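Engineer: Next comes query_29.pdb, PDB, C-alpha atoms:
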ATOM      1  CA  MET A   1     244.916 101.893-195.802  1.00  0.00           C
ATOM      2  CA  ASP A   2     241.240 101.627-194.906  1.00  0.00           C
ATOM      3  CA  GLY A   3     240.364  97.956-195.169  1.00  0.00           C
ATOM      4  CA  GLY A   4     238.289  98.205-198.337  1.00  0.00           C
ATOM      5  CA  ALA A   5     236.600 100.783-200.522  1.00  0.00           C
ATOM      6  CA  PRO A   6     237.056 104.439-199.476  1.00  0.00           C
ATOM      7  CA  TYR A   7     234.322 105.572-197.109  1.00  0.00           C
ATOM      8  CA  ASN A   8     233.609 109.219-196.323  1.00  0.00           C
ATOM      9  CA  PRO A   9     230.968 109.752-193.631  1.00  0.00           C
ATOM     10  CA  ARG A  10     229.284 113.124-194.109  1.00  0.00           C
ATOM     11  CA  THR A  11     226.759 113.481-191.262  1.00  0.00           C
ATOM     12  CA  VAL A  12     227.266 113.459-187.498  1.00  0.00           C
ATOM     13  CA  GLU A  13     225.555 110.070-187.261  1.00  0.00           C
ATOM     14  CA  GLU A  14     227.733 108.614-190.034  1.00  0.00           C
ATOM     15  CA  VAL A  15     230.936 109.921-188.460  1.00  0.00           C
ATOM     16  CA  PHE A  16     229.893 108.467-185.096  1.00  0.00           C
ATOM     17  CA  ARG A  17     229.117 105.124-186.741  1.00  0.00           C
ATOM     18  CA  ASP A  18     232.564 105.218-188.366  1.00  0.00           C
ATOM     19  CA  PHE A  19     234.105 106.045-184.965  1.00  0.00           C
ATOM     20  CA  LYS A  20     232.339 103.141-183.240  1.00  0.00           C
ATOM     21  CA  GLY A  21     233.370 100.665-185.943  1.00  0.00           C
ATOM     22  CA  ARG A  22     237.043 101.646-185.770  1.00  0.00           C
ATOM     23  CA  ARG A  23     236.896 101.663-181.970  1.00  0.00           C
ATOM     24  CA  ALA A  24     235.382  98.168-181.842  1.00  0.00           C
ATOM     25  CA  GLY A  25     238.139  96.825-184.098  1.00  0.00           C
ATOM     26  CA  MET A  26     240.906  98.318-181.964  1.00  0.00           C
ATOM     27  CA  ILE A  27     239.312  97.073-178.734  1.00  0.00           C
ATOM     28  CA  LYS A  28     239.190  93.621-180.288  1.00  0.00           C
ATOM     29  CA  ALA A  29     242.925  93.823-181.060  1.00  0.00           C
ATOM     30  CA  LEU A  30     243.749  94.790-177.470  1.00  0.00           C
ATOM     31  CA  THR A  31     241.415  92.294-175.758  1.00  0.00           C
ATOM     32  CA  THR A  32     239.995  89.192-177.445  1.00  0.00           C
ATOM     33  CA  ASP A  33     242.677  89.161-180.207  1.00  0.00           C
ATOM     34  CA  VAL A  34     245.508  90.300-177.942  1.00  0.00           C
ATOM     35  CA  GLU A  35     247.700  87.237-178.552  1.00  0.00           C
ATOM     36  CA  GLU A  36     247.636  87.757-182.307  1.00  0.00           C
ATOM     37  CA  PHE A  37     248.164  91.500-181.884  1.00  0.00           C
ATOM     38  CA  TYR A  38     251.138  90.881-179.578  1.00  0.00           C
ATOM     39  CA  GLN A  39     252.779  88.558-182.090  1.00  0.00           C
ATOM     40  CA  GLN A  40     252.302  90.967-184.979  1.00  0.00           C
ATOM     41  CA  CYS A  41     253.979  93.827-183.097  1.00  0.00           C
ATOM     42  CA  ASP A  42     257.476  92.380-183.463  1.00  0.00           C
ATOM     43  CA  PRO A  43     260.074  94.941-182.291  1.00  0.00           C
ATOM     44  CA  GLU A  44     262.406  93.661-185.017  1.00  0.00           C
ATOM     45  CA  LYS A  45     260.081  94.970-187.715  1.00  0.00           C
ATOM     46  CA  GLU A  46     259.882  98.528-189.001  1.00  0.00           C
ATOM     47  CA  ASN A  47     257.658 101.247-187.537  1.00  0.00           C
ATOM     48  CA  LEU A  48     254.199  99.710-187.173  1.00  0.00           C
ATOM     49  CA  CYS A  49     250.779 101.248-186.530  1.00  0.00           C
ATOM     50  CA  LEU A  50     247.484  99.821-185.246  1.00  0.00           C
ATOM     51  CA  TYR A  51     244.588 100.657-187.563  1.00  0.00           C
ATOM     52  CA  GLY A  52     240.889 100.251-186.818  1.00  0.00           C
ATOM     53  CA  PHE A  53     238.390 100.051-189.677  1.00  0.00           C
ATOM     54  CA  PRO A  54     234.703 101.003-189.918  1.00  0.00           C
ATOM     55  CA  ASN A  55     233.802  97.315-190.363  1.00  0.00           C
ATOM     56  CA  GLU A  56     235.110  96.570-186.814  1.00  0.00           C
ATOM     57  CA  GLN A  57     238.294  94.922-188.065  1.00  0.00           C
ATOM     58  CA  TRP A  58     241.872  95.839-187.136  1.00  0.00           C
ATOM     59  CA  GLU A  59     245.280  95.663-188.763  1.00  0.00           C
ATOM     60  CA  VAL A  60     248.913  96.157-187.773  1.00  0.00           C
ATOM     61  CA  ASN A  61     250.753  97.663-190.699  1.00  0.00           C
ATOM     62  CA  LEU A  62     253.289 100.201-191.887  1.00  0.00           C
ATOM     63  CA  PRO A  63     252.062 103.802-192.149  1.00  0.00           C
ATOM     64  CA  ALA A  64     250.706 105.131-195.435  1.00  0.00           C
ATOM     65  CA  GLU A  65     253.397 106.156-197.903  1.00  0.00           C
ATOM     66  CA  GLU A  66     251.462 109.079-199.349  1.00  0.00           C
ATOM     67  CA  VAL A  67     252.184 112.513-197.906  1.00  0.00           C
ATOM     68  CA  PRO A  68     249.975 113.952-196.600  1.00  0.00           C
ATOM     69  CA  PRO A  69     247.991 110.776-195.870  1.00  0.00           C
ATOM     70  CA  GLU A  70     244.296 110.437-196.748  1.00  0.00           C
ATOM     71  CA  LEU A  71     243.443 110.249-193.025  1.00  0.00           C
ATOM     72  CA  PRO A  72     245.381 111.174-189.864  1.00  0.00           C
ATOM     73  CA  GLU A  73     247.865 108.429-189.039  1.00  0.00           C
ATOM     74  CA  PRO A  74     247.889 106.358-185.794  1.00  0.00           C
ATOM     75  CA  ALA A  75     250.869 106.415-183.412  1.00  0.00           C
ATOM     76  CA  LEU A  76     253.987 105.227-185.207  1.00  0.00           C
ATOM     77  CA  GLY A  77     256.299 102.506-183.878  1.00  0.00           C
ATOM     78  CA  ILE A  78     254.047 100.888-181.278  1.00  0.00           C
ATOM     79  CA  ASN A  79     256.048  97.672-181.714  1.00  0.00           C
ATOM     80  CA  PHE A  80     259.329  99.136-180.458  1.00  0.00           C
ATOM     81  CA  ALA A  81     258.137  99.487-176.860  1.00  0.00           C
ATOM     82  CA  ARG A  82     256.576  96.014-176.669  1.00  0.00           C
ATOM     83  CA  ASP A  83     259.428  94.201-174.923  1.00  0.00           C
ATOM     84  CA  GLY A  84     260.634  97.173-172.897  1.00  0.00           C
ATOM     85  CA  MET A  85     257.686  97.337-170.497  1.00  0.00           C
ATOM     86  CA  GLN A  86     255.055  95.198-168.805  1.00  0.00           C
ATOM     87  CA  GLU A  87     252.477  93.889-171.277  1.00  0.00           C
ATOM     88  CA  LYS A  88     249.554  95.566-169.511  1.00  0.00           C
ATOM     89  CA  ASP A  89     251.399  98.902-169.507  1.00  0.00           C
ATOM     90  CA  TRP A  90     252.255  98.549-173.185  1.00  0.00           C
ATOM     91  CA  LEU A  91     248.645  97.721-174.080  1.00  0.00           C
ATOM     92  CA  SER A  92     247.474 100.711-172.045  1.00  0.00           C
ATOM     93  CA  LEU A  93     249.904 102.951-173.925  1.00  0.00           C
ATOM     94  CA  VAL A  94     248.650 101.673-177.283  1.00  0.00           C
ATOM     95  CA  ALA A  95     245.072 102.205-176.062  1.00  0.00           C
ATOM     96  CA  VAL A  96     245.748 105.858-175.164  1.00  0.00           C
ATOM     97  CA  HIS A  97     247.259 106.551-178.586  1.00  0.00           C
ATOM     98  CA  SER A  98     244.361 104.711-180.224  1.00  0.00           C
ATOM     99  CA  ASP A  99     241.854 106.959-178.443  1.00  0.00           C
ATOM    100  CA  ALA A 100     243.732 110.029-179.657  1.00  0.00           C
ATOM    101  CA  TRP A 101     243.741 108.707-183.232  1.00  0.00           C
ATOM    102  CA  LEU A 102     240.002 107.960-183.204  1.00  0.00           C
ATOM    103  CA  LEU A 103     239.237 111.523-182.122  1.00  0.00           C
ATOM    104  CA  ALA A 104     241.587 112.887-184.778  1.00  0.00           C
ATOM    105  CA  VAL A 105     239.853 110.878-187.514  1.00  0.00           C
ATOM    106  CA  ALA A 106     236.356 111.828-186.335  1.00  0.00           C
ATOM    107  CA  PHE A 107     237.085 115.548-186.222  1.00  0.00           C
ATOM    108  CA  TYR A 108     239.036 115.358-189.479  1.00  0.00           C
ATOM    109  CA  PHE A 109     235.776 114.242-191.103  1.00  0.00           C
ATOM    110  CA  GLY A 110     233.970 116.992-189.204  1.00  0.00           C
ATOM    111  CA  SER A 111     236.289 119.660-190.570  1.00  0.00           C
ATOM    112  CA  ARG A 112     236.344 118.212-194.053  1.00  0.00           C
ATOM    113  CA  PHE A 113     232.573 118.219-194.370  1.00  0.00           C
ATOM    114  CA  GLY A 114     231.967 121.535-192.654  1.00  0.00           C
ATOM    115  CA  PHE A 115     230.462 120.592-189.293  1.00  0.00           C
ATOM    116  CA  ASP A 116     229.422 123.731-187.437  1.00  0.00           C
ATOM    117  CA  LYS A 117     229.736 124.365-183.684  1.00  0.00           C
ATOM    118  CA  THR A 118     226.491 122.538-182.916  1.00  0.00           C
ATOM    119  CA  ASP A 119     227.471 119.495-185.000  1.00  0.00           C
ATOM    120  CA  ARG A 120     230.922 119.300-183.396  1.00  0.00           C
ATOM    121  CA  LYS A 121     229.433 119.549-179.916  1.00  0.00           C
ATOM    122  CA  ARG A 122     226.885 116.838-180.696  1.00  0.00           C
ATOM    123  CA  LEU A 123     229.569 114.567-182.138  1.00  0.00           C
ATOM    124  CA  PHE A 124     231.781 114.970-179.088  1.00  0.00           C
ATOM    125  CA  SER A 125     228.828 114.352-176.779  1.00  0.00           C
ATOM    126  CA  MET A 126     228.018 111.094-178.590  1.00  0.00           C
ATOM    127  CA  ILE A 127     231.663 109.994-178.408  1.00  0.00           C
ATOM    128  CA  ASN A 128     231.952 111.028-174.761  1.00  0.00           C
ATOM    129  CA  ASP A 129     228.960 108.880-173.786  1.00  0.00           C
ATOM    130  CA  ILE A 130     230.867 105.647-174.470  1.00  0.00           C
ATOM    131  CA  PRO A 131     234.036 104.467-172.666  1.00  0.00           C
ATOM    132  CA  THR A 132     237.438 105.142-174.180  1.00  0.00           C
ATOM    133  CA  ILE A 133     239.568 102.255-175.412  1.00  0.00           C
ATOM    134  CA  PHE A 134     241.901 102.927-172.480  1.00  0.00           C
ATOM    135  CA  GLU A 135     239.028 102.586-170.012  1.00  0.00           C
ATOM    136  CA  VAL A 136     237.950  99.273-171.569  1.00  0.00           C
ATOM    137  CA  VAL A 137     241.471  97.803-171.769  1.00  0.00           C
ATOM    138  CA  THR A 138     242.514  98.798-168.236  1.00  0.00           C
ATOM    139  CA  GLY A 139     239.211  97.821-166.661  1.00  0.00           C
ATOM    140  CA  ALA A 140     238.509 101.397-165.525  1.00  0.00           C
ATOM    141  CA  ALA A 141     235.164 101.319-167.307  1.00  0.00           C
ATOM    142  CA  LYS A 142     234.201  98.151-165.465  1.00  0.00           C
ATOM    143  CA  LYS A 143     235.236  99.700-162.137  1.00  0.00           C
ATOM    144  CA  GLN A 144     233.091 102.756-162.805  1.00  0.00           C
ATOM    145  CA  ALA A 145     230.158 100.518-163.679  1.00  0.00           C
ATOM    146  CA  LYS A 146     230.591  98.544-160.462  1.00  0.00           C
ATOM    147  CA  GLU A 147     230.642 101.700-158.384  1.00  0.00           C
ATOM    148  CA  LYS A 148     227.371 102.850-159.916  1.00  0.00           C
ATOM    149  CA  SER A 149     225.500  99.554-159.741  1.00  0.00           C
ATOM    150  CA  SER A 150     226.933  98.273-156.390  1.00  0.00           C
ATOM    151  CA  ILE A 151     224.650  96.183-154.154  1.00  0.00           C
ATOM    152  CA  SER A 152     221.452  96.625-156.158  1.00  0.00           C
ATOM    153  CA  ASN A 153     223.167  95.131-159.195  1.00  0.00           C
ATOM    154  CA  HIS A 154     224.233  92.080-157.214  1.00  0.00           C
ATOM    155  CA  SER A 155     220.780  91.464-155.766  1.00  0.00           C
ATOM    156  CA  SER A 156     219.191  91.848-159.190  1.00  0.00           C
ATOM    157  CA  ASN A 157     221.556  89.218-160.575  1.00  0.00           C
ATOM    158  CA  LYS A 158     220.401  86.806-157.880  1.00  0.00           C
ATOM    159  CA  SER A 159     216.777  87.306-158.860  1.00  0.00           C
ATOM    160  CA  LYS A 160     217.517  85.835-162.263  1.00  0.00           C
ATOM    161  CA  SER A 161     218.309  82.312-161.070  1.00  0.00           C
ATOM    162  CA  ASN A 162     215.732  80.878-163.462  1.00  0.00           C
ATOM    163  CA  SER A 163     217.504  82.371-166.469  1.00  0.00           C
ATOM    164  CA  LYS A 164     219.201  80.233-169.079  1.00  0.00           C
ATOM    165  CA  GLY A 165     222.956  79.695-168.743  1.00  0.00           C
ATOM    166  CA  ARG A 166     225.229  78.954-165.819  1.00  0.00           C
ATOM    167  CA  GLY A 167     223.339  81.022-163.263  1.00  0.00           C
ATOM    168  CA  PRO A 168     222.993  84.590-162.042  1.00  0.00           C
ATOM    169  CA  GLU A 169     226.686  85.116-161.304  1.00  0.00           C
ATOM    170  CA  SER A 170     227.723  84.408-164.904  1.00  0.00           C
ATOM    171  CA  VAL A 171     224.939  85.094-167.370  1.00  0.00           C
ATOM    172  CA  LYS A 172     222.649  88.089-167.665  1.00  0.00           C
ATOM    173  CA  TYR A 173     219.108  87.925-168.960  1.00  0.00           C
ATOM    174  CA  SER A 174     216.519  90.505-168.091  1.00  0.00           C
ATOM    175  CA  LYS A 175     213.450  89.619-170.106  1.00  0.00           C
ATOM    176  CA  GLY A 176     212.529  86.510-168.185  1.00  0.00           C
ATOM    177  CA  GLN A 177     210.240  88.311-165.713  1.00  0.00           C
ATOM    178  CA  PRO A 178     206.473  87.582-165.706  1.00  0.00           C
ATOM    179  CA  LYS A 179     204.333  90.130-167.509  1.00  0.00           C
ATOM    180  CA  ASP A 180     202.140  90.789-164.463  1.00  0.00           C
ATOM    181  CA  GLU A 181     205.029  92.219-162.425  1.00  0.00           C
ATOM    182  CA  GLU A 182     205.567  95.950-162.199  1.00  0.00           C
ATOM    183  CA  GLU A 183     205.845  97.613-165.575  1.00  0.00           C
ATOM    184  CA  GLY A 184     208.851  99.586-164.445  1.00  0.00           C
ATOM    185  CA  LEU A 185     210.941  96.505-163.683  1.00  0.00           C
ATOM    186  CA  ASP A 186     212.670  96.340-167.056  1.00  0.00           C
ATOM    187  CA  GLU A 187     213.437 100.035-166.859  1.00  0.00           C
ATOM    188  CA  GLU A 188     214.929  99.600-163.365  1.00  0.00           C
ATOM    189  CA  GLU A 189     217.122  96.756-164.560  1.00  0.00           C
ATOM    190  CA  ASP A 190     218.298  98.831-167.509  1.00  0.00           C
ATOM    191  CA  ASP A 191     219.324 101.550-165.051  1.00  0.00           C
ATOM    192  CA  GLU A 192     221.150  99.054-162.848  1.00  0.00           C
ATOM    193  CA  HIS A 193     223.014  97.342-165.662  1.00  0.00           C
ATOM    194  CA  GLY A 194     223.249 100.150-168.182  1.00  0.00           C
ATOM    195  CA  ASP A 195     226.851 100.930-167.236  1.00  0.00           C
ATOM    196  CA  THR A 196     228.035  97.328-167.510  1.00  0.00           C
ATOM    197  CA  LEU A 197     230.354  97.044-170.509  1.00  0.00           C
ATOM    198  CA  CYS A 198     231.309  94.166-172.758  1.00  0.00           C
ATOM    199  CA  GLY A 199     234.990  93.289-172.368  1.00  0.00           C
ATOM    200  CA  ALA A 200     235.234  92.548-176.093  1.00  0.00           C
ATOM    201  CA  CYS A 201     233.384  95.335-177.906  1.00  0.00           C
ATOM    202  CA  GLY A 202     233.071  97.844-175.050  1.00  0.00           C
ATOM    203  CA  GLU A 203     229.359  98.366-175.677  1.00  0.00           C
ATOM    204  CA  ASN A 204     226.806  98.789-172.886  1.00  0.00           C
ATOM    205  CA  TYR A 205     224.525  96.146-171.429  1.00  0.00           C
ATOM    206  CA  ALA A 206     221.183  95.693-173.194  1.00  0.00           C
ATOM    207  CA  ALA A 207     218.265  93.976-171.481  1.00  0.00           C
ATOM    208  CA  ASP A 208     217.500  91.665-174.406  1.00  0.00           C
ATOM    209  CA  GLU A 209     221.022  90.302-174.885  1.00  0.00           C
ATOM    210  CA  PHE A 210     222.759  87.207-173.497  1.00  0.00           C
ATOM    211  CA  TRP A 211     225.834  87.965-171.376  1.00  0.00           C
ATOM    212  CA  ILE A 212     228.454  85.801-169.682  1.00  0.00           C
ATOM    213  CA  CYS A 213     231.099  86.611-167.082  1.00  0.00           C
ATOM    214  CA  CYS A 214     234.710  85.369-167.115  1.00  0.00           C
ATOM    215  CA  ASP A 215     235.507  83.568-163.853  1.00  0.00           C
ATOM    216  CA  VAL A 216     239.154  84.651-164.071  1.00  0.00           C
ATOM    217  CA  CYS A 217     239.165  88.384-164.897  1.00  0.00           C
ATOM    218  CA  GLU A 218     235.479  88.878-163.980  1.00  0.00           C
ATOM    219  CA  LYS A 219     234.786  90.875-167.127  1.00  0.00           C
ATOM    220  CA  TRP A 220     231.378  90.572-168.766  1.00  0.00           C
ATOM    221  CA  PHE A 221     230.922  89.745-172.454  1.00  0.00           C
ATOM    222  CA  HIS A 222     228.123  89.604-174.981  1.00  0.00           C
ATOM    223  CA  GLY A 223     227.601  85.930-175.770  1.00  0.00           C
ATOM    224  CA  LYS A 224     227.830  86.772-179.477  1.00  0.00           C
ATOM    225  CA  CYS A 225     231.207  88.510-178.993  1.00  0.00           C
ATOM    226  CA  VAL A 226     232.826  85.408-177.466  1.00  0.00           C
ATOM    227  CA  LYS A 227     230.755  82.886-179.461  1.00  0.00           C
ATOM    228  CA  ILE A 228     228.945  81.455-176.420  1.00  0.00           C
ATOM    229  CA  THR A 229     225.246  80.591-176.643  1.00  0.00           C
ATOM    230  CA  PRO A 230     222.886  80.105-173.671  1.00  0.00           C
ATOM    231  CA  ALA A 231     222.724  76.379-174.443  1.00  0.00           C
ATOM    232  CA  ARG A 232     226.504  76.058-174.468  1.00  0.00           C
ATOM    233  CA  ALA A 233     226.841  78.107-171.275  1.00  0.00           C
ATOM    234  CA  GLU A 234     224.746  75.558-169.377  1.00  0.00           C
ATOM    235  CA  HIS A 235     227.552  72.998-169.780  1.00  0.00           C
ATOM    236  CA  ILE A 236     230.442  75.283-168.781  1.00  0.00           C
ATOM    237  CA  LYS A 237     231.490  74.926-165.147  1.00  0.00           C
ATOM    238  CA  GLN A 238     234.113  77.684-165.224  1.00  0.00           C
ATOM    239  CA  TYR A 239     234.131  80.135-168.101  1.00  0.00           C
ATOM    240  CA  LYS A 240     237.380  81.741-169.279  1.00  0.00           C
ATOM    241  CA  CYS A 241     237.242  84.542-171.834  1.00  0.00           C
ATOM    242  CA  PRO A 242     239.491  84.326-174.937  1.00  0.00           C
ATOM    243  CA  SER A 243     242.059  86.659-173.400  1.00  0.00           C
ATOM    244  CA  CYS A 244     242.393  84.637-170.171  1.00  0.00           C
ATOM    245  CA  SER A 245     242.365  81.334-172.091  1.00  0.00           C
ATOM    246  CA  ASN A 246     245.238  82.473-174.308  1.00  0.00           C
ATOM    247  CA  LYS A 247     247.368  84.044-171.623  1.00  0.00           C
ATOM    248  CA  ARG A 248     250.865  82.691-171.403  1.00  0.00           C
ATOM    249  CA  ALA A 249     253.958  83.696-169.546  1.00  0.00           C
ATOM    250  CA  ARG A 250     255.754  86.642-171.141  1.00  0.00           C
ATOM    251  CA  PRO A 251     259.505  87.040-170.908  1.00  0.00           C
TER     252      PRO A 251
END
Go ahead and render the structure in this file as structure tokens.

Structural biologist:
Amino acid sequence: MDGGAPYNPRTVEEVFRDFKGRRAGMIKALTTDVEEFYQQCDPEKENLCLYGFPNEQWEVNLPAEEVPPELPEPALGINFARDGMQEKDWLSLVAVHSDAWLLAVAFYFGSRFGFDKTDRKRLFSMINDIPTIFEVVTGAAKKQAKEKSSISNHSSNKSKSNSKGRGPESVKYSKGQPKDEEEGLDEEEDDEHGDTLCGACGENYAADEFWICCDVCEKWFHGKCVKITPARAEHIKQYKCPSCSNKRARP
């Protein structure tokens, strides 16, 4: 139940890479692929689990039959609560359980391969530096980023009006400044935008990447995550992310 050949990370860096891959897959299920995820979690089916894989893919499936399982198992029966609560509350619940599972898997590898106190502390520190799935899904991570960047972030966006895309309120570029400007400019922009998170993968803003903002939910996305290029963005009057584009009325 691991989406391919068995993979056993043995170093702190490998375990963290495994963690990030599984996390990215589960965030995808709960954000950009939420319609498909919702449909697969049919309450009429048996106990289902949400799995994330190191290759950033996800799967809704029955739990492993082997006892004990090769890895800790995700929360069982996530599909049963789907129609008994608001969709956003259900997704938040799945996100919380997904965070708990990711930590369980990471520290399972740590125990299995003999991580000492220093290794465990370093692993947790690396994990703790990125937002939880719950924070990404509920928008808490975005709120925290806004609080930190505030007015300076907004004014910096305006200064990029000559950037490619739909304009400073939708697309982020930060390498379009002339070379003769202050050398610390790029570093300042990194500080201002460093806490901005992609609504699809949950990763931080990087100065050399193309970003676009959804005009509906106001979440920011890597262009590559939502398959939008700078050239295509120039022709979009109002951008809607995949999640907002696919939203439909729920019973």

Engineer: Identify all residues satisfying the PyMOL selection byres ((chain A and resi 41) around 10) in the given file; provide them as a PDB file with C-alpha atoms, keeping the file's coordinate frame.

Structural biologist:
ATOM      1  CA  GLU A  36     247.636  87.757-182.307  1.00  0.00           C
ATOM      2  CA  PHE A  37     248.164  91.500-181.884  1.00  0.00           C
ATOM      3  CA  TYR A  38     251.138  90.881-179.578  1.00  0.00           C
ATOM      4  CA  GLN A  39     252.779  88.558-182.090  1.00  0.00           C
ATOM      5  CA  GLN A  40     252.302  90.967-184.979  1.00  0.00           C
ATOM      6  CA  ASP A  42     257.476  92.380-183.463  1.00  0.00           C
ATOM      7  CA  PRO A  43     260.074  94.941-182.291  1.00  0.00           C
ATOM      8  CA  GLU A  44     262.406  93.661-185.017  1.00  0.00           C
ATOM      9  CA  LYS A  45     260.081  94.970-187.715  1.00  0.00           C
ATOM     10  CA  GLU A  46     259.882  98.528-189.001  1.00  0.00           C
ATOM     11  CA  ASN A  47     257.658 101.247-187.537  1.00  0.00           C
ATOM     12  CA  LEU A  48     254.199  99.710-187.173  1.00  0.00           C
ATOM     13  CA  CYS A  49     250.779 101.248-186.530  1.00  0.00           C
ATOM     14  CA  LEU A  50     247.484  99.821-185.246  1.00  0.00           C
ATOM     15  CA  VAL A  60     248.913  96.157-187.773  1.00  0.00           C
ATOM     16  CA  ASN A  61     250.753  97.663-190.699  1.00  0.00           C
ATOM     17  CA  GLY A  77     256.299 102.506-183.878  1.00  0.00           C
ATOM     18  CA  ILE A  78     254.047 100.888-181.278  1.00  0.00           C
ATOM     19  CA  ASN A  79     256.048  97.672-181.714  1.00  0.00           C
ATOM     20  CA  PHE A  80     259.329  99.136-180.458  1.00  0.00           C
ATOM     21  CA  ALA A  81     258.137  99.487-176.860  1.00  0.00           C
ATOM     22  CA  ARG A  82     256.576  96.014-176.669  1.00  0.00           C
ATOM     23  CA  ASP A  83     259.428  94.201-174.923  1.00  0.00           C
TER      24      ASP A  83
END

Engineer: Run the PyMOL selection byres ((chain A and resi 121-130) around 9) mentally over the shown coordinates, then write out the matched residues as a ChimeraX atom specification, using the chain letters and numbers from the document.

Structural biologist: /A:12-13,15-16,19-20,103,106-107,110,116-120,131-132,202-204

Engineer: Based on the selection just made, write C-alpha atoms of those residues as a short mmCIF file (atom, residue, chain, number, x, y, z; two decimals), in the frame of the given file.

Structural biologist:
data_model
loop_
_atom_site.label_atom_id
_atom_site.label_comp_id
_atom_site.auth_asym_id
_atom_site.auth_seq_id
_atom_site.Cartn_x
_atom_site.Cartn_y
_atom_site.Cartn_z
CA VAL A 12 227.27 113.46 -187.50
CA GLU A 13 225.56 110.07 -187.26
CA VAL A 15 230.94 109.92 -188.46
CA PHE A 16 229.89 108.47 -185.10
CA PHE A 19 234.10 106.04 -184.96
CA LYS A 20 232.34 103.14 -183.24
CA LEU A 103 239.24 111.52 -182.12
CA ALA A 106 236.36 111.83 -186.34
CA PHE A 107 237.08 115.55 -186.22
CA GLY A 110 233.97 116.99 -189.20
CA ASP A 116 229.42 123.73 -187.44
CA LYS A 117 229.74 124.36 -183.68
CA THR A 118 226.49 122.54 -182.92
CA ASP A 119 227.47 119.50 -185.00
CA ARG A 120 230.92 119.30 -183.40
CA PRO A 131 234.04 104.47 -172.67
CA THR A 132 237.44 105.14 -174.18
CA GLY A 202 233.07 97.84 -175.05
CA GLU A 203 229.36 98.37 -175.68
CA ASN A 204 226.81 98.79 -172.89
#

Engineer: Could you check the closest approach to A:Asn55 for each of A:Glu87, A:Asp18, A:Glu209, A:Glu35 and tell me which residue wins, using all atoms listed in the file?

Structural biologist: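 Smallest separation from A:Asn55 among the options: A:Asp18.
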
Engineer: Check the smallest atom-to-atom distance from each of A:Lys240, A:Lys88, A:Lys224, A:His97 to A:Arg23 using only C-alpha atoms, then report the winner.

Structural biologist: A:His97

Engineer: Taking only C-alpha atoms into account, name the residue in A:Ile27, A:Arg232, A:Glu66, A:Lys237 that is nearest to A:Glu135.

Structural biologist: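 That would be A:Ile27, the residue with the smallest distance to A:Glu135.
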
Engineer: Can you list what the PyMOL selection byres ((chain A and resi 215) around 9) grabs from this structure, as an MDAnalysis selection string?

Structural biologist: chainID A and resid 170 213:214 216:219 238:241

Engineer: May I ask for the distance between atom CA of A:Phe53 and atom CA of A:Gln86, given in Å to one decimal place?

Structural biologist: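 Value for the atom CA of A:Phe53-atom CA of A:Gln86 distance: 27.1 Å.
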
Engineer: Counting all atoms listed in the file, which of A:Leu71, A:Leu30, A:Ala200, A:Ala233 gets nearest to A:Leu93?

Structural biologist: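 Under the stated criterion, the closest residue is A:Leu30.
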
Engineer: Find the residues with any atom within 9 Å of (245.9, 103.0, -178.7); use only C-alpha atoms and the coordinates as given in the file, and write the answer as a compact mmCIF listing (two decimals) with C-alpha atoms, keeping the file's coordinate frame.

Structural biologist:
# COMPACT_ATOMS: atom_id res chain seq x y z
CA MET A 26 240.91 98.32 -181.96
CA ILE A 27 239.31 97.07 -178.73
CA LEU A 30 243.75 94.79 -177.47
CA LEU A 50 247.48 99.82 -185.25
CA PRO A 74 247.89 106.36 -185.79
CA ALA A 75 250.87 106.42 -183.41
CA ILE A 78 254.05 100.89 -181.28
CA LEU A 91 248.64 97.72 -174.08
CA SER A 92 247.47 100.71 -172.04
CA LEU A 93 249.90 102.95 -173.92
CA VAL A 94 248.65 101.67 -177.28
CA ALA A 95 245.07 102.20 -176.06
CA VAL A 96 245.75 105.86 -175.16
CA HIS A 97 247.26 106.55 -178.59
CA SER A 98 244.36 104.71 -180.22
CA ASP A 99 241.85 106.96 -178.44
CA ALA A 100 243.73 110.03 -179.66
CA TRP A 101 243.74 108.71 -183.23
CA LEU A 102 240.00 107.96 -183.20
CA ILE A 133 239.57 102.26 -175.41
CA PHE A 134 241.90 102.93 -172.48

Engineer: Centre and edge lengths, as lines of an AutoDock Vina configuration file, for the axis-aligned box enclosing every listed atom of stretch 73-85 of chain A with 5 Å of padding on each of the six sides, in Å to one decimal?

Structural biologist:
center_x = 254.2
center_y = 101.3
center_z = -179.8
size_x = 22.8
size_y = 24.2
size_z = 28.5
